[in-house]
>>> print(open('final18.cif').read())   # mmCIF, C-alpha atoms
data_work
#
loop_
_atom_site.group_PDB
_atom_site.id
_atom_site.type_symbol
_atom_site.label_atom_id
_atom_site.label_comp_id
_atom_site.auth_asym_id
_atom_site.auth_seq_id
_atom_site.Cartn_x
_atom_site.Cartn_y
_atom_site.Cartn_z
ATOM 1 C CA MET A 1 127.900 -48.414 -5.330
ATOM 2 C CA LYS A 2 127.357 -46.124 -8.331
ATOM 3 C CA ASN A 3 124.189 -48.053 -9.272
ATOM 4 C CA THR A 4 122.901 -47.744 -5.709
ATOM 5 C CA LEU A 5 123.383 -43.953 -5.739
ATOM 6 C CA SER A 6 121.668 -43.666 -9.113
ATOM 7 C CA LEU A 7 118.764 -45.738 -7.839
ATOM 8 C CA LEU A 8 118.464 -43.602 -4.687
ATOM 9 C CA ALA A 9 118.546 -40.377 -6.737
ATOM 10 C CA ALA A 10 115.842 -41.664 -9.082
ATOM 11 C CA ALA A 11 113.695 -42.786 -6.145
ATOM 12 C CA SER A 12 113.970 -39.410 -4.424
ATOM 13 C CA LEU A 13 112.995 -37.592 -7.632
ATOM 14 C CA ALA A 14 109.989 -39.836 -8.125
ATOM 15 C CA THR A 15 108.953 -39.417 -4.499
ATOM 16 C CA GLY A 16 109.349 -35.649 -4.697
ATOM 17 C CA CYS A 17 107.086 -35.433 -7.724
ATOM 18 C CA ALA A 18 104.518 -37.757 -6.228
ATOM 19 C CA SER A 19 104.422 -35.774 -3.009
ATOM 20 C CA MET A 20 103.388 -32.588 -4.779
ATOM 21 C CA TYR A 21 99.627 -32.465 -4.625
ATOM 22 C CA ASN A 22 98.665 -29.909 -7.285
ATOM 23 C CA ASN A 23 95.069 -29.541 -6.163
ATOM 24 C CA ASP A 24 95.869 -28.130 -2.726
ATOM 25 C CA LEU A 25 95.452 -24.507 -3.744
ATOM 26 C CA TYR A 26 93.243 -24.611 -6.855
ATOM 27 C CA GLN A 27 90.383 -26.652 -8.262
ATOM 28 C CA PRO A 28 88.473 -26.815 -11.544
ATOM 29 C CA LEU A 29 84.917 -25.506 -11.458
ATOM 30 C CA SER A 30 82.481 -26.145 -14.301
ATOM 31 C CA LEU A 31 79.679 -23.564 -14.498
ATOM 32 C CA ARG A 32 76.694 -23.153 -16.766
ATOM 33 C CA LEU A 33 73.472 -21.168 -16.734
ATOM 34 C CA SER A 34 70.306 -23.249 -16.356
ATOM 35 C CA ASP A 35 68.820 -22.451 -19.774
ATOM 36 C CA ASN A 36 72.213 -22.289 -21.523
ATOM 37 C CA SER A 37 71.742 -18.577 -22.228
ATOM 38 C CA PRO A 38 74.869 -16.715 -23.274
ATOM 39 C CA GLY A 39 76.206 -14.447 -20.591
ATOM 40 C CA THR A 40 79.049 -13.744 -18.223
ATOM 41 C CA CYS A 41 79.690 -14.273 -14.531
ATOM 42 C CA SER A 42 82.042 -12.689 -12.051
ATOM 43 C CA LEU A 43 83.188 -14.829 -9.128
ATOM 44 C CA GLU A 44 84.968 -13.923 -5.909
ATOM 45 C CA ASN A 45 86.067 -15.510 -2.659
ATOM 46 C CA ASP A 46 88.477 -14.323 0.018
ATOM 47 C CA LEU A 47 91.443 -15.616 -2.017
ATOM 48 C CA GLY A 48 90.675 -14.538 -5.574
ATOM 49 C CA LYS A 49 88.508 -12.815 -8.136
ATOM 50 C CA TRP A 50 87.529 -13.993 -11.615
ATOM 51 C CA GLU A 51 85.713 -11.445 -13.782
ATOM 52 C CA ASP A 52 83.745 -11.606 -17.029
ATOM 53 C CA VAL A 53 83.825 -15.396 -17.280
ATOM 54 C CA PRO A 54 81.780 -16.431 -20.354
ATOM 55 C CA MET A 55 79.174 -19.129 -19.771
ATOM 56 C CA PRO A 56 79.359 -22.114 -19.996
ATOM 57 C CA LYS A 57 82.925 -22.442 -18.825
ATOM 58 C CA THR A 58 85.280 -24.568 -16.758
ATOM 59 C CA ILE A 59 87.654 -22.356 -14.805
ATOM 60 C CA THR A 60 90.239 -22.872 -12.113
ATOM 61 C CA VAL A 61 89.473 -21.165 -8.804
ATOM 62 C CA ARG A 62 91.394 -20.842 -5.569
ATOM 63 C CA ARG A 63 90.137 -23.186 -2.854
ATOM 64 C CA SER A 64 88.769 -21.555 0.286
ATOM 65 C CA THR A 65 86.680 -22.414 3.297
ATOM 66 C CA GLN A 66 84.742 -19.200 2.555
ATOM 67 C CA PRO A 67 81.836 -18.999 0.071
ATOM 68 C CA LEU A 68 82.435 -18.312 -3.610
ATOM 69 C CA TYR A 69 80.142 -15.418 -4.568
ATOM 70 C CA TYR A 70 78.885 -15.055 -8.124
ATOM 71 C CA LEU A 71 77.082 -12.391 -10.127
ATOM 72 C CA CYS A 72 75.906 -13.394 -13.591
ATOM 73 C CA THR A 73 74.239 -11.412 -16.351
ATOM 74 C CA THR A 74 72.744 -12.842 -19.535
ATOM 75 C CA GLU A 75 72.844 -11.111 -22.903
ATOM 76 C CA ASP A 76 69.063 -10.540 -22.588
ATOM 77 C CA GLY A 77 69.571 -8.649 -19.307
ATOM 78 C CA ARG A 78 68.612 -11.189 -16.648
ATOM 79 C CA ALA A 79 70.796 -11.164 -13.546
ATOM 80 C CA LEU A 80 71.568 -13.805 -10.976
ATOM 81 C CA GLU A 81 73.628 -13.597 -7.827
ATOM 82 C CA GLY A 82 74.392 -16.063 -5.098
ATOM 83 C CA HIS A 83 77.155 -18.131 -3.573
ATOM 84 C CA LEU A 84 78.570 -21.636 -3.457
ATOM 85 C CA PHE A 85 79.774 -23.179 -0.223
ATOM 86 C CA SER A 86 82.866 -25.345 -0.090
ATOM 87 C CA GLU A 87 82.804 -28.668 1.678
ATOM 88 C CA PRO A 88 85.673 -30.605 3.205
ATOM 89 C CA VAL A 89 86.934 -33.387 0.930
ATOM 90 C CA ARG A 90 89.398 -36.055 1.966
ATOM 91 C CA ARG A 91 92.779 -35.929 0.252
ATOM 92 C CA PRO A 92 93.672 -39.096 -1.679
ATOM 93 C CA GLU A 93 95.916 -41.445 0.246
ATOM 94 C CA ASN A 94 99.664 -40.961 -0.177
ATOM 95 C CA ALA A 95 99.239 -37.347 -1.347
ATOM 96 C CA ALA A 96 101.240 -34.695 0.439
ATOM 97 C CA SER A 97 100.754 -31.007 -0.109
ATOM 98 C CA VAL A 98 103.272 -28.693 -1.721
ATOM 99 C CA SER A 99 103.394 -26.634 1.469
ATOM 100 C CA GLY A 100 104.126 -29.685 3.591
ATOM 101 C CA ASN A 101 100.670 -29.655 5.151
ATOM 102 C CA THR A 102 99.772 -33.203 6.092
ATOM 103 C CA SER A 103 96.095 -32.512 6.698
ATOM 104 C CA ASP A 104 93.942 -35.069 4.926
ATOM 105 C CA VAL A 105 90.989 -32.700 4.368
ATOM 106 C CA ARG A 106 90.717 -29.767 1.945
ATOM 107 C CA PRO A 107 87.843 -27.421 1.001
ATOM 108 C CA GLU A 108 86.201 -27.971 -2.370
ATOM 109 C CA TYR A 109 83.385 -26.201 -4.207
ATOM 110 C CA PRO A 110 80.874 -28.323 -6.164
ATOM 111 C CA LEU A 111 82.760 -29.381 -9.309
ATOM 112 C CA ASP A 112 79.839 -29.189 -11.769
ATOM 113 C CA THR A 113 77.404 -26.374 -11.021
ATOM 114 C CA VAL A 114 74.244 -25.212 -12.774
ATOM 115 C CA LEU A 115 73.232 -21.655 -11.877
ATOM 116 C CA PHE A 116 69.448 -21.305 -12.080
ATOM 117 C CA LEU A 117 68.311 -18.155 -13.869
ATOM 118 C CA PRO A 118 64.932 -16.460 -13.501
ATOM 119 C CA LYS A 119 62.628 -17.288 -16.421
ATOM 120 C CA LYS A 120 62.573 -14.994 -19.434
ATOM 121 C CA PRO A 121 59.727 -12.505 -19.266
ATOM 122 C CA ARG A 122 56.866 -13.250 -21.658
ATOM 123 C CA SER A 123 56.877 -11.005 -24.679
ATOM 124 C CA GLN A 124 54.201 -8.317 -24.714
ATOM 125 C CA SER A 125 53.619 -8.550 -28.480
ATOM 126 C CA GLN A 126 49.996 -8.889 -29.687
#
>>> encode(input="final18.cif", output="structure tokens")
Amino acid sequence: MKNTLSLLAAASLATGCASMYNNDLYQPLSLRLSDNSPGTCSLENDLGKWEDVPMPKTITVRRSTQPLYYLCTTEDGRALEGHLFSEPVRRPENAASVSGNTSDVRPEYPLDTVLFLPKKPRSQSQ
């Protein structure tokens, strides 16, 4: 009987850990500027704000069905702004959310994103 209770306790602990799906609320997002220029970006969606993120960088952002807006500035003064849309992604089988949500679809921004900068102006030296 004691072995049975120990086995049941171990099984419930393992099941509890497996049911926690850590990626329900947050996701990694890898960003870089198209010409690998040094610079920083600020990002914002309806659920969070991330400021002065150095490029290139992988950060963790809050998932949302709303766009993720970005504003980037390079050290040479070029600016870029835009947004990324999230798309519904199916949850892996047997994954339950921390909140108990059993939905099998979650929003996700593109995981590896290149932000295309305007070209550097030609130098006027002659």
>>> resolve_selection(input="final18.cif", expression="the PyMOL selection byres ((chain A and resi 119) around 12)", output="list in words")
Leu33, Ser34, Asp35, Asn36, Ser37, Thr74, Asp76, Gly77, Arg78, Ala79, Leu80, Phe116, Leu117, Pro118, Lys120, Pro121, Arg122 and Ser123 of chain A
>>> write_last_selection(input="final18.cif", atoms="C-alpha atoms", output="short mmCIF file (atom, residue, chain, number, x, y, z; two decimals), in the coordinates of the input")
data_model
loop_
_atom_site.label_atom_id
_atom_site.label_comp_id
_atom_site.auth_asym_id
_atom_site.auth_seq_id
_atom_site.Cartn_x
_atom_site.Cartn_y
_atom_site.Cartn_z
CA LEU A 33 73.47 -21.17 -16.73
CA SER A 34 70.31 -23.25 -16.36
CA ASP A 35 68.82 -22.45 -19.77
CA ASN A 36 72.21 -22.29 -21.52
CA SER A 37 71.74 -18.58 -22.23
CA THR A 74 72.74 -12.84 -19.54
CA ASP A 76 69.06 -10.54 -22.59
CA GLY A 77 69.57 -8.65 -19.31
CA ARG A 78 68.61 -11.19 -16.65
CA ALA A 79 70.80 -11.16 -13.55
CA LEU A 80 71.57 -13.80 -10.98
CA PHE A 116 69.45 -21.30 -12.08
CA LEU A 117 68.31 -18.16 -13.87
CA PRO A 118 64.93 -16.46 -13.50
CA LYS A 120 62.57 -14.99 -19.43
CA PRO A 121 59.73 -12.50 -19.27
CA ARG A 122 56.87 -13.25 -21.66
CA SER A 123 56.88 -11.00 -24.68
#
>>> closest_residue(input="final18.cif", among="A:Ser30, A:Thr40, A:Gln66, A:Thr60", to="His83 in chain A", atoms="only C-alpha atoms")
A:Gln66
>>> resolve_selection(input="final18.cif", expression="the PyMOL selection byres ((chain A and resi 51) around 12)", output="ChimeraX atom specification")
/A:40-45,48-50,52-55,59,61,69-73
>>> closest_residue(input="final18.cif", among="A:Lys57, A:Glu81, A:Tyr26, A:Arg63", to="Pro38 in chain A", atoms="only C-alpha atoms")
A:Lys57
>>> decode(input="final18.cif", residues="range 63-82 of chain A", atoms="N, CA and C atoms", output="PDB file, in the first residue's frame")
ATOM      1  N   ARG A  63       3.394  36.988 -25.709  1.00  0.00           N
ATOM      2  CA  ARG A  63       2.547  36.622 -26.850  1.00  0.00           C
ATOM      3  C   ARG A  63       1.287  37.485 -26.868  1.00  0.00           C
ATOM      4  N   SER A  64       0.827  37.812 -28.076  1.00  0.00           N
ATOM      5  CA  SER A  64      -0.406  38.572 -28.218  1.00  0.00           C
ATOM      6  C   SER A  64      -0.973  38.323 -29.602  1.00  0.00           C
ATOM      7  N   THR A  65      -2.263  38.497 -29.726  1.00  0.00           N
ATOM      8  CA  THR A  65      -2.881  38.433 -31.051  1.00  0.00           C
ATOM      9  C   THR A  65      -2.721  39.768 -31.771  1.00  0.00           C
ATOM     10  N   GLN A  66      -2.268  40.799 -31.043  1.00  0.00           N
ATOM     11  CA  GLN A  66      -2.066  42.129 -31.609  1.00  0.00           C
ATOM     12  C   GLN A  66      -0.651  42.257 -32.186  1.00  0.00           C
ATOM     13  N   PRO A  67      -0.440  43.186 -33.118  1.00  0.00           N
ATOM     14  CA  PRO A  67       0.896  43.358 -33.699  1.00  0.00           C
ATOM     15  C   PRO A  67       1.937  43.777 -32.655  1.00  0.00           C
ATOM     16  N   LEU A  68       3.177  43.420 -32.942  1.00  0.00           N
ATOM     17  CA  LEU A  68       4.323  43.857 -32.155  1.00  0.00           C
ATOM     18  C   LEU A  68       4.985  44.986 -32.942  1.00  0.00           C
ATOM     19  N   TYR A  69       4.895  46.208 -32.420  1.00  0.00           N
ATOM     20  CA  TYR A  69       5.444  47.379 -33.102  1.00  0.00           C
ATOM     21  C   TYR A  69       6.899  47.547 -32.723  1.00  0.00           C
ATOM     22  N   TYR A  70       7.720  47.968 -33.688  1.00  0.00           N
ATOM     23  CA  TYR A  70       9.129  48.210 -33.399  1.00  0.00           C
ATOM     24  C   TYR A  70       9.570  49.541 -33.986  1.00  0.00           C
ATOM     25  N   LEU A  71      10.540  50.147 -33.311  1.00  0.00           N
ATOM     26  CA  LEU A  71      11.199  51.364 -33.755  1.00  0.00           C
ATOM     27  C   LEU A  71      12.680  51.157 -33.489  1.00  0.00           C
ATOM     28  N   CYS A  72      13.467  51.150 -34.564  1.00  0.00           N
ATOM     29  CA  CYS A  72      14.897  50.884 -34.452  1.00  0.00           C
ATOM     30  C   CYS A  72      15.686  52.082 -34.951  1.00  0.00           C
ATOM     31  N   THR A  73      16.833  52.308 -34.337  1.00  0.00           N
ATOM     32  CA  THR A  73      17.740  53.363 -34.752  1.00  0.00           C
ATOM     33  C   THR A  73      19.149  52.803 -34.755  1.00  0.00           C
ATOM     34  N   THR A  74      19.869  53.044 -35.859  1.00  0.00           N
ATOM     35  CA  THR A  74      21.262  52.587 -35.942  1.00  0.00           C
ATOM     36  C   THR A  74      22.179  53.657 -35.373  1.00  0.00           C
ATOM     37  N   GLU A  75      23.418  53.269 -35.088  1.00  0.00           N
ATOM     38  CA  GLU A  75      24.387  54.233 -34.575  1.00  0.00           C
ATOM     39  C   GLU A  75      24.689  55.328 -35.595  1.00  0.00           C
ATOM     40  N   ASP A  76      24.499  55.042 -36.908  1.00  0.00           N
ATOM     41  CA  ASP A  76      24.746  56.064 -37.928  1.00  0.00           C
ATOM     42  C   ASP A  76      23.487  56.899 -38.231  1.00  0.00           C
ATOM     43  N   GLY A  77      22.436  56.732 -37.428  1.00  0.00           N
ATOM     44  CA  GLY A  77      21.276  57.611 -37.512  1.00  0.00           C
ATOM     45  C   GLY A  77      20.111  57.150 -38.371  1.00  0.00           C
ATOM     46  N   ARG A  78      20.212  55.995 -39.004  1.00  0.00           N
ATOM     47  CA  ARG A  78      19.077  55.511 -39.792  1.00  0.00           C
ATOM     48  C   ARG A  78      18.000  54.976 -38.859  1.00  0.00           C
ATOM     49  N   ALA A  79      16.755  55.173 -39.243  1.00  0.00           N
ATOM     50  CA  ALA A  79      15.627  54.733 -38.418  1.00  0.00           C
ATOM     51  C   ALA A  79      14.729  53.803 -39.228  1.00  0.00           C
ATOM     52  N   LEU A  80      14.086  52.919 -38.511  1.00  0.00           N
ATOM     53  CA  LEU A  80      13.197  51.945 -39.121  1.00  0.00           C
ATOM     54  C   LEU A  80      12.061  51.689 -38.152  1.00  0.00           C
ATOM     55  N   GLU A  81      10.843  51.740 -38.662  1.00  0.00           N
ATOM     56  CA  GLU A  81       9.708  51.381 -37.811  1.00  0.00           C
ATOM     57  C   GLU A  81       8.763  50.491 -38.604  1.00  0.00           C
ATOM     58  N   GLY A  82       8.049  49.672 -37.869  1.00  0.00           N
ATOM     59  CA  GLY A  82       7.108  48.757 -38.496  1.00  0.00           C
ATOM     60  C   GLY A  82       6.458  47.878 -37.449  1.00  0.00           C
TER      61      GLY A  82
END
